[in-house]
Amino acid sequence: MTTLHIQTPLISHAPLSAAQGRDVLLKMESLQPSGSFKLRGIGLMCQRAVAGGATHIVCPSGGNAGFAAAVAGVALGVRTTIVVPETTAPSVRARIAAIGATLVVHGGVWDEANLEALRLCSEPGAIYVPPFDHADLWDGNATLIDEAVAQADAPFDAVICSVGGGGLLCGVLEGLHRNGLKHVPVVAVETEGAASFTESVRAGRLVTLPAITSIATTLGAKTVAQAALDWSAKHEIACVTVTDAQAVAACLALADDMRTLVEPACGAALAVVYENLPTVRRFKRPLVVVCGGIGVDLAKLAGWKSRFGL
Ligand SMILES: *Cc1c(COP(=O)(O)O)cnc(C)c1O
């Protein structure tokens, strides 16, 4: 079975590597057809579901998950419905509709859109695609580590990735373990105001944030997957929180250095190496997951730049 995602480049960040005297590696998930790593997990989940007889893919997300589900469903040639709340920007609606998925606008907030998605999934043949909490998603996301292991000329000594609901993190950890890399530490990065994973690890139980106050809305899961928290007892994971300003500064730096636009959700992980934060100073070959995201363009980046006085 061929995959819906592509193999992305693993490249060295030459200017940053030279400046820091180490090799900073970038796994370029921003180049996926869906603009983010999400096609790996969501693509695999949809493929398995269709192979098992599913005829209708339903995903409640106006973000990168919804876009990846739209790309996957259209590629698989099945009915694909993306359910979004009324607050979803016209540009996002247009983008989902343009690739041939059915867009349903329902409710004022995500919870209402989600209820509608669940209702649609009560019909036979329909499958519900969640954004981060499913074993198929972790299995698919883990392929980015399978690839990186095969691509690297020398082993990386840490993986740095951002955390929303923890689907990427679970995939990275599954990938490390299935490639015999249990000893490679992971740096889990969130922004202030979206740090549900850090809070949960600190408390030793799932913590639900009262609200998301970061501009990195892609990282805005109020509660992470239980599986992500469970990993923190089985693997060395360092939690790091950066500010929105640091995340945006890293997006700007990446654009200048590597000519690549990414969301602040991805800038968060990049900020940790750009700022050489204490947690990552000891690593000689850190691998940063450039998770990407479609919620960015030059105008948005310029807006955040002036808002944070950068
Ligand atoms: C989904 C996403 C994340 C967070 O992934 P989780 O699996 O929710 O932790 C980070 N960055 C981008 C660009 C994403 O699309």
# chains A, B, ... in the order shown; residues from 1 in each chain; ligands from 1
>>> residues_near_ligand(ligand="ligand 1", cutoff="7 Å", atoms="only C-alpha atoms and all ligand atoms", output="count of residues only")
24
>>> select_by_dssp(residues="segment 39-218 of chain A", states="strand (DSSP E or B)", output="list in words")
His56, Ile57, Val58, Cys59, Arg79, Thr80, Thr81, Ile82, Val83, Val84, Thr102, Leu103, Val104, Val105, Ala126, Ile127, Tyr128, Ala158, Val159, Ile160, Cys161, Ser162, Val186, Val187, Ala188, Val189, Glu190 and Thr191 of chain A
>>> residues_around(residues="Glu190 of chain A", least_positions_apart="4", cutoff="9 Å", atoms="only C-alpha atoms", output="ChimeraX atom specification")
/A:161-164,194-198,216,219,239-243,265,268-269
>>> write_last_selection(atoms="N, CA and C atoms", output="short mmCIF file (atom, residue, chain, number, x, y, z; two decimals), in the first residue's frame")
data_model
loop_
_atom_site.label_atom_id
_atom_site.label_comp_id
_atom_site.auth_asym_id
_atom_site.auth_seq_id
_atom_site.Cartn_x
_atom_site.Cartn_y
_atom_site.Cartn_z
N CYS A 161 10.18 18.45 19.32
CA CYS A 161 8.91 18.60 18.59
C CYS A 161 7.91 19.38 19.44
N SER A 162 6.97 20.01 18.79
CA SER A 162 5.96 20.74 19.54
C SER A 162 4.81 19.79 19.92
N VAL A 163 4.03 20.23 20.93
CA VAL A 163 2.94 19.40 21.45
C VAL A 163 1.65 20.20 21.51
N GLY A 164 0.62 19.68 20.83
CA GLY A 164 -0.72 20.22 20.96
C GLY A 164 -1.49 19.25 21.84
N ALA A 194 -0.79 27.51 26.28
CA ALA A 194 -1.25 26.28 25.63
C ALA A 194 -0.50 25.07 26.18
N ALA A 195 0.02 25.20 27.40
CA ALA A 195 0.95 24.19 27.94
C ALA A 195 0.24 23.06 28.69
N SER A 196 -0.70 22.42 28.04
CA SER A 196 -1.48 21.37 28.71
C SER A 196 -0.64 20.12 29.00
N PHE A 197 0.36 19.85 28.16
CA PHE A 197 1.21 18.68 28.41
C PHE A 197 2.11 18.93 29.61
N THR A 198 2.79 20.07 29.62
CA THR A 198 3.67 20.42 30.74
C THR A 198 2.91 20.36 32.07
N ALA A 216 -0.64 30.45 19.17
CA ALA A 216 -0.38 29.17 18.50
C ALA A 216 -1.59 28.25 18.71
N LEU A 219 -1.64 24.50 18.77
CA LEU A 219 -1.20 23.77 19.97
C LEU A 219 -2.26 23.81 21.07
N CYS A 239 10.12 18.87 29.15
CA CYS A 239 9.07 19.82 28.76
C CYS A 239 9.65 21.23 28.74
N VAL A 240 9.42 21.93 27.65
CA VAL A 240 9.89 23.32 27.55
C VAL A 240 8.71 24.19 27.10
N THR A 241 8.59 25.35 27.72
CA THR A 241 7.55 26.30 27.31
C THR A 241 8.23 27.56 26.79
N VAL A 242 7.81 28.01 25.62
CA VAL A 242 8.34 29.27 25.07
C VAL A 242 7.20 30.29 24.97
N THR A 243 7.56 31.55 24.81
CA THR A 243 6.53 32.58 24.65
C THR A 243 6.07 32.63 23.19
N ALA A 265 3.03 27.41 15.85
CA ALA A 265 3.00 26.08 16.48
C ALA A 265 4.30 25.33 16.20
N ALA A 268 7.55 27.29 17.74
CA ALA A 268 7.83 26.97 19.15
C ALA A 268 8.99 25.99 19.27
N ALA A 269 8.94 24.91 18.47
CA ALA A 269 10.00 23.90 18.53
C ALA A 269 11.32 24.50 18.02
#
>>> residues_around(residues="Val58 of chain A", least_positions_apart="2", cutoff="7 Å", atoms="only C-alpha atoms", output="list of chain:residue names")
A:His56, A:Pro60, A:Thr80, A:Thr81, A:Ile82, A:Ala117, A:Cys121, A:Ala126, A:Ile127, A:Tyr128, A:Val129
>>> write_last_selection(atoms="N, CA and C atoms", output="tab-separated table (two decimals), in the first residue's frame")
chain	number	residue	atom	x	y	z
A	56	HIS	N	-17.05	6.94	4.03
A	56	HIS	CA	-17.27	8.35	4.33
A	56	HIS	C	-16.33	8.77	5.47
A	60	PRO	N	-13.87	16.78	12.36
A	60	PRO	CA	-14.30	18.08	12.88
A	60	PRO	C	-13.11	18.99	13.14
A	80	THR	N	-15.97	12.81	1.71
A	80	THR	CA	-15.17	13.40	2.79
A	80	THR	C	-15.85	14.66	3.29
A	81	THR	N	-16.17	14.67	4.57
A	81	THR	CA	-16.86	15.82	5.14
A	81	THR	C	-16.03	16.43	6.27
A	82	ILE	N	-15.72	17.70	6.13
A	82	ILE	CA	-14.98	18.42	7.16
A	82	ILE	C	-15.99	19.36	7.84
A	117	ALA	N	-20.25	16.28	13.78
A	117	ALA	CA	-19.40	15.26	13.16
A	117	ALA	C	-19.74	13.88	13.73
A	121	CYS	N	-21.33	10.49	11.92
A	121	CYS	CA	-20.63	9.20	12.01
A	121	CYS	C	-21.51	8.08	12.54
A	126	ALA	N	-19.45	5.45	7.88
A	126	ALA	CA	-18.74	6.70	8.19
A	126	ALA	C	-17.70	6.46	9.27
A	127	ILE	N	-16.56	7.12	9.12
A	127	ILE	CA	-15.51	7.03	10.14
A	127	ILE	C	-15.14	8.42	10.64
A	128	TYR	N	-15.00	8.50	11.94
A	128	TYR	CA	-14.65	9.75	12.63
A	128	TYR	C	-13.13	9.85	12.74
A	129	VAL	N	-12.57	10.93	12.23
A	129	VAL	CA	-11.11	11.13	12.31
A	129	VAL	C	-10.82	12.19	13.38
>>> residues_around(residues="Asp111 of chain A", least_positions_apart="6", cutoff="12 Å", atoms="only C-alpha atoms", output="PyMOL selection string")
chain A and resi 60-61+83-86+117-118
>>> closest_residue(among="A:Val207, A:Leu298, A:Ala148, A:Leu137", to="Gln47 of chain A", atoms="only C-alpha atoms")
A:Leu137
